[in-house]
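Pasting query.cif here (mmCIF, C-alpha atoms):
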```cif
data_query
#
loop_
_atom_site.label_atom_id
_atom_site.label_comp_id
_atom_site.auth_asym_id
_atom_site.auth_seq_id
_atom_site.Cartn_x
_atom_site.Cartn_y
_atom_site.Cartn_z
CA MET A 1428 11.99 20.29 -22.40
CA GLY A 1429 15.03 22.55 -22.16
CA GLY A 1430 16.78 22.45 -18.78
CA PRO A 1431 17.48 25.57 -16.71
CA SER A 1432 20.98 27.03 -16.66
CA TYR A 1433 23.37 26.40 -13.77
CA ALA A 1434 23.19 30.09 -12.84
CA ASP A 1435 19.39 30.07 -12.65
CA MET A 1436 19.41 26.92 -10.53
CA ALA A 1437 21.95 28.46 -8.14
CA ARG A 1438 19.81 31.61 -7.76
CA GLY A 1439 16.71 29.53 -7.10
CA THR A 1440 14.76 31.53 -9.71
CA VAL A 1441 14.14 28.99 -12.43
CA SER A 1442 11.60 30.03 -15.06
CA GLU A 1443 10.82 26.96 -17.06
CA SER A 1444 8.03 25.11 -18.87
CA TRP A 1445 7.70 21.47 -17.82
CA GLU A 1446 5.85 18.98 -19.96
CA PHE A 1447 4.53 15.80 -18.36
CA LEU A 1448 3.26 12.72 -20.15
CA ALA A 1449 0.02 10.86 -19.47
CA GLY A 1450 -0.61 9.30 -16.06
CA CYS A 1451 1.70 11.40 -13.86
CA GLY A 1452 0.49 12.44 -10.41
CA LEU A 1453 2.39 15.61 -9.46
CA LYS A 1454 3.16 18.14 -6.77
CA MET A 1455 4.59 21.58 -7.53
CA ASN A 1456 5.97 23.64 -4.60
CA GLY A 1457 4.12 21.31 -2.23
CA GLN A 1458 0.75 21.81 -3.94
CA ALA A 1459 -0.86 18.66 -5.28
CA ILE A 1460 -2.01 18.53 -8.88
CA SER A 1461 -4.66 15.85 -8.62
CA GLY A 1462 -6.02 13.45 -11.19
CA THR A 1463 -4.47 11.96 -14.28
CA ILE A 1464 -2.75 14.39 -16.61
CA ALA A 1465 -3.35 13.51 -20.25
CA SER A 1466 -1.02 16.28 -21.42
CA ALA A 1467 0.08 19.41 -19.60
CA THR A 1468 2.66 22.16 -19.56
CA ILE A 1469 3.36 23.77 -16.17
CA THR A 1470 5.29 27.03 -15.87
CA THR A 1471 6.63 28.50 -12.63
CA ALA A 1472 8.79 31.56 -11.94
CA SER A 1473 10.43 30.13 -8.81
CA MET A 1474 10.39 26.36 -8.49
CA THR A 1475 11.58 25.13 -5.10
CA GLN A 1476 10.27 21.56 -5.20
CA LEU A 1477 9.13 19.16 -7.88
CA THR A 1478 7.77 15.79 -6.78
CA VAL A 1479 6.45 13.05 -9.03
CA SER A 1480 4.12 11.32 -6.57
CA ALA A 1481 2.77 8.54 -8.79
CA ILE A 1482 3.33 6.97 -12.14
CA ILE A 1483 0.28 5.13 -13.43
CA GLY A 1484 0.20 2.74 -16.38
CA ALA A 1485 2.77 0.83 -18.35
CA GLY A 1486 5.10 2.89 -20.49
CA THR A 1487 4.37 6.17 -18.71
CA PHE A 1488 7.37 8.25 -17.71
CA LEU A 1489 8.67 11.73 -16.99
CA THR A 1490 11.41 13.02 -19.29
CA LEU A 1491 13.86 15.75 -18.29
CA SER A 1492 16.29 16.99 -20.92
CA GLY A 1493 19.04 19.58 -20.94
CA ASP A 1494 21.34 20.37 -18.02
CA ILE A 1495 19.99 19.16 -14.67
CA LEU A 1496 21.79 20.52 -11.59
CA ILE A 1497 21.11 19.10 -8.13
CA SER A 1498 22.82 21.28 -5.55
CA ASP A 1499 22.03 19.18 -2.46
CA SER A 1500 21.56 15.46 -1.81
CA LEU A 1501 19.70 13.29 -4.30
CA GLU A 1502 17.08 11.08 -2.66
CA GLN A 1503 15.40 8.03 -4.19
CA ASN A 1504 12.31 6.07 -3.12
CA ALA A 1505 11.91 8.10 0.12
CA ASN A 1506 13.44 10.99 2.04
CA ALA A 1507 16.87 10.45 3.61
CA GLY A 1508 16.58 8.39 6.79
CA SER A 1509 13.21 6.91 5.80
CA ALA A 1510 12.65 3.18 5.39
CA ASN A 1511 14.04 1.76 2.13
CA SER A 1512 15.58 5.10 1.21
CA VAL A 1513 18.63 5.82 -0.93
CA SER A 1514 20.39 9.16 -0.51
CA ARG A 1515 23.39 10.38 -2.51
CA THR A 1516 25.52 13.36 -1.54
CA VAL A 1517 28.88 14.87 -2.51
CA VAL A 1518 31.38 16.05 0.14
CA ARG A 1519 34.75 17.79 -0.25
CA LYS A 1520 37.42 18.16 2.44
CA ASN A 1521 40.46 20.40 1.87
CA ALA A 1522 43.67 20.99 3.84
CA ILE A 1523 43.97 17.43 5.15
CA VAL A 1524 47.15 17.18 7.20
CA ASP A 1525 49.60 14.64 5.79
CA ASN A 1526 49.38 11.14 7.31
CA THR A 1527 46.63 12.16 9.75
CA ALA A 1528 43.24 10.43 10.05
CA THR A 1529 40.68 13.15 9.28
CA ALA A 1530 36.88 12.99 9.66
CA VAL A 1531 35.08 13.52 6.36
CA LEU A 1532 31.61 11.97 6.85
CA THR A 1533 29.38 11.72 9.92
CA PHE A 1534 26.76 8.98 10.30
CA THR A 1535 23.88 9.72 12.70
CA CYS A 1536 21.65 7.00 14.17
CA PRO A 1537 18.74 7.31 16.65
CA ASN A 1538 18.40 4.95 19.64
CA ALA A 1539 16.51 2.14 17.90
CA ALA A 1540 17.06 -0.94 15.73
CA HIS A 1541 18.65 0.27 12.50
CA GLY A 1542 20.81 -0.89 9.62
CA ALA A 1543 22.44 0.88 6.70
CA VAL A 1544 25.19 0.56 4.12
CA CYS A 1545 27.01 3.45 2.47
CA LYS A 1546 29.03 3.16 -0.73
CA VAL A 1547 31.81 5.74 -0.92
CA THR A 1548 33.63 6.75 -4.10
CA LEU A 1549 36.79 8.66 -3.25
CA LEU A 1550 38.96 11.02 -5.29
CA ALA A 1551 42.05 11.94 -3.27
CA GLN A 1552 44.77 14.30 -4.39
CA VAL A 1553 47.81 16.23 -3.27
CA ALA A 1554 46.76 19.88 -3.00
CA ASP A 1555 48.73 20.84 -6.13
CA GLN A 1556 47.39 17.81 -8.07
CA GLU A 1557 50.84 16.26 -8.48
CA SER A 1558 49.28 12.93 -7.54
CA VAL A 1559 45.63 11.84 -7.79
CA ARG A 1560 44.23 8.58 -6.47
CA CYS A 1561 40.79 6.93 -6.60
CA ALA A 1562 39.07 4.01 -4.86
CA GLU A 1563 35.67 2.71 -3.75
CA GLY A 1564 34.67 1.51 -0.28
CA MET A 1565 31.66 0.32 1.70
CA VAL A 1566 30.63 1.26 5.25
CA VAL A 1567 28.08 -0.96 7.02
CA LEU A 1568 26.26 0.12 10.20
CA SER A 1569 24.14 -1.72 12.78
CA ARG A 1570 22.35 -0.71 15.96
CA VAL A 1571 19.91 -2.23 18.42
CA ALA A 1572 17.93 -0.18 20.94
CA GLY A 1573 19.82 0.44 24.18
CA ALA A 1574 23.24 -0.28 22.68
CA ASN A 1575 25.77 1.76 20.75
CA LEU A 1576 26.05 2.02 16.99
CA VAL A 1577 28.50 -0.47 15.46
CA GLY A 1578 30.18 -0.10 12.08
CA GLY A 1579 32.70 -1.70 9.76
CA VAL A 1580 34.47 -0.86 6.50
CA ALA A 1581 35.26 -3.08 3.51
CA THR A 1582 38.65 -3.21 1.86
CA LEU A 1583 39.06 -0.40 -0.67
CA GLU A 1584 38.41 -1.62 -4.22
CA LEU A 1585 39.26 -0.35 -7.73
CA PRO A 1586 42.32 1.60 -6.53
CA GLN A 1587 44.31 3.53 -9.11
CA ILE A 1588 46.78 6.41 -9.14
CA ALA A 1589 47.95 9.02 -11.64
CA THR A 1590 51.11 10.97 -10.78
CA GLY A 1591 52.05 13.98 -12.87
CA GLY A 1592 54.81 15.23 -10.58
CA THR A 1593 57.31 13.82 -8.11
CA GLU A 1594 55.03 13.50 -5.06
CA THR A 1595 53.08 10.26 -4.61
CA LEU A 1596 50.03 9.56 -2.48
CA THR A 1597 48.45 6.68 -0.56
CA LEU A 1598 44.83 6.53 0.63
CA ALA A 1599 43.22 4.71 3.56
CA TYR A 1600 39.90 5.02 5.40
CA ASP A 1601 38.37 3.83 8.68
CA LEU A 1602 35.66 4.56 11.25
CA ASP A 1603 36.28 6.57 14.40
CA SER A 1604 34.85 5.47 17.74
CA VAL A 1605 31.15 6.03 18.38
CA SER A 1606 29.93 9.17 20.16
CA GLY A 1607 26.80 9.20 22.34
CA ALA A 1608 25.29 7.16 25.17
CA VAL A 1609 23.59 3.79 24.71
CA GLY A 1610 20.20 5.40 25.37
CA ALA A 1611 20.69 8.39 23.05
CA SER A 1612 21.36 9.26 19.43
CA ASN A 1613 24.80 8.12 18.25
CA THR A 1614 27.22 9.51 15.69
CA MET A 1615 30.22 7.90 14.04
CA ASP A 1616 32.74 9.54 11.70
CA MET A 1617 34.34 8.02 8.62
CA ARG A 1618 37.95 9.18 8.35
CA VAL A 1619 40.49 9.25 5.52
CA THR A 1620 44.27 9.21 5.80
CA LEU A 1621 46.30 10.67 2.94
CA ASN A 1622 50.02 9.99 3.06
CA THR A 1623 52.46 11.62 0.64
CA ASN A 1624 56.17 10.98 0.22
CA GLY A 1625 56.65 14.56 1.39
CA SER A 1626 54.51 16.48 3.84
CA SER A 1627 52.00 18.19 1.54
CA ALA A 1628 48.39 18.77 2.48
CA GLY A 1629 45.78 16.67 0.69
CA GLU A 1630 42.18 16.93 -0.47
CA VAL A 1631 39.39 14.43 -0.95
CA ILE A 1632 36.05 14.51 -2.78
CA ILE A 1633 33.56 11.79 -1.85
CA ILE A 1634 30.31 10.57 -3.37
CA ALA A 1635 28.44 8.95 -0.46
CA GLU A 1636 25.41 6.81 -1.36
CA ILE A 1637 23.59 5.41 1.67
CA ILE A 1638 20.86 2.77 1.75
CA ASN A 1639 18.85 2.96 4.97
CA ALA A 1640 16.57 0.12 6.08
CA GLU A 1641 14.15 1.38 8.74
CA ALA A 1642 12.02 4.48 9.37
CA THR A 1643 13.64 7.44 11.15
CA GLY A 1644 16.96 5.78 10.50
CA ILE A 1645 20.61 6.39 9.68
CA THR A 1646 21.73 9.46 7.74
CA VAL A 1647 25.06 10.77 6.48
CA ALA A 1648 26.45 14.31 6.16
CA ALA A 1649 29.76 16.11 5.85
CA ALA A 1650 31.84 15.94 9.04
#
```
Just give me the structure of the file as structure tokens.
Amino acid sequence: MGGPSYADMARGTVSESWEFLAGCGLKMNGQAISGTIASATITTASMTQLTVSAIIGAGTFLTLSGDILISDSLEQNANAGSANSVSRTVVRKNAIVDNTATAVLTFTCPNAAHGAVCKVTLLAQVADQESVRCAEGMVVLSRVAGANLVGGVATLELPQIATGGTETLTLAYDLDSVSGAVGASNTMDMRVTLNTNGSSAGEVIIIAEIINAEATGITVAAA
């Protein structure tokens, strides 16, 4: 199967033939295609949703080839915030003031017992790319009903820097204080601090991959 072009995906007007192997239970644009498909080609002029709802039988799989562009979050096992869900999203923050803690991600948690962990991969740079730094971190979150959300961050791992100019860069991250009452939904921001040896603005791009434990649980979005 040839993948749609980036331009077609961005316009939301993909015209594509999709071939599915035996045993796939499918939905196209929210409409169920019932039964076991021995062999099928499905063509749509405007595909807004493709869901593989069941895979039946050993060795049965769905193959996608070509360029695959996902313009929003990528969700695995269940929708974001559902029990046992994994959600992956990309966030960019520009014009970060030098040596100033700046919110980049917001975690949201309802008033109930919840737990989640979010792996963050960070690419930080001086705005003119004189210095580029990377690292990985982990944010863990816990809440019980009637109490505020609590979080912690692990020490940044796999740090490295490449400096093509004269300006250098350090990277740190933390969690801001919780917002919201003990009996209401809570939010908590993850912040980054970029510190140069001058006073240049910085930028950060983050891959945030959150594992959420319970139903109607913790989600993450750009701050």
Just say which residues the PyMOL selection byres ((chain A and resi 1521-1535) around 6) picks in this file, as an MDAnalysis selection string. chainID A and resid 1520 1536 1613:1622 1626 1628:1630 1645:1650
Report the residues retrieved by the PyMOL selection byres ((chain A and resi 1582) around 12) from the displayed file, expressed as a ChimeraX atom specification. /A:1546-1547,1562-1567,1579-1581,1583-1586,1598-1601
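Atom pair atom CA of A:Ser1509 / atom CA of A:Ala1642: separated by 4.5 Å.
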Smallest atom-to-atom distance to A:Ser1498: which of A:Val1553, A:Ala1510, A:Val1544, A:Val1517, using only C-alpha atoms?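 With only C-alpha atoms as the atom set, the closest residue is A:Val1517.
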Which residue gives the smallest distance to A:Asn1511 among A:Gly1591, A:Gly1493, A:Gly1573, A:Gly1542, with only C-alpha atoms counted?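 Answer, going by the shortest atom-to-atom distance: A:Gly1542.
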Where does the PyMOL selection byres ((chain A and resi 1552) around 10) land in this file, that is, which residues does it pick, as a list in words? Asn1521, Leu1549, Leu1550, Ala1551, Val1553, Ala1554, Asp1555, Gln1556, Glu1557, Ser1558, Val1559, Arg1560, Cys1561, Ile1588, Ala1589, Thr1590, Thr1595, Leu1596, Thr1597, Leu1598, Leu1621, Thr1623, Ala1628, Gly1629, Glu1630, Val1631 and Ile1632 of chain A
Measuring between only C-alpha atoms, which one of A:Ala1540, A:Ile1497, A:Val1609, A:Ala1507 shows the shortest distance to A:Ala1574?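 For A:Ala1574, the nearest of the candidates is A:Val1609.
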Residue contacts of A:Ala1572 (9 Å, all atoms listed in the file) excluding same-chain residues fewer than 6 positions away, as JSON, numbers by chain: {"A": [1537, 1538, 1539, 1540, 1541, 1609, 1610]}
In Å, how far is it from atom CA of A:Ala1505 to atom CA of A:Leu1568? 19.3 Å
Calculated over all atoms listed in the file, which of the candidates A:Ile1637, A:Arg1570, A:Ala1611, A:Asp1494 has the smallest distance to A:Thr1516?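 Closest residue, counting all atoms listed in the file: A:Ile1637.
A straight line drawn from atom CA of A:Val1571 to atom CA of A:Ile1638 is 17.4 Å long.
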List every protein, DNA or RNA residue with an atom no more than 8 Å from (21.8, 6.0, -1.9) in the file's coordinates, counting all atoms listed in the file, and format the result as a PyMOL selection string. chain A and resi 1501-1503+1512-1515+1545-1546+1635-1638
A:Ser1606, A:Asn1504, A:Ser1612, A:Asn1624: which is nearest A:Thr1593, counting all atoms listed in the file?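 Using all atoms listed in the file, A:Thr1593 sits closest to A:Asn1624.
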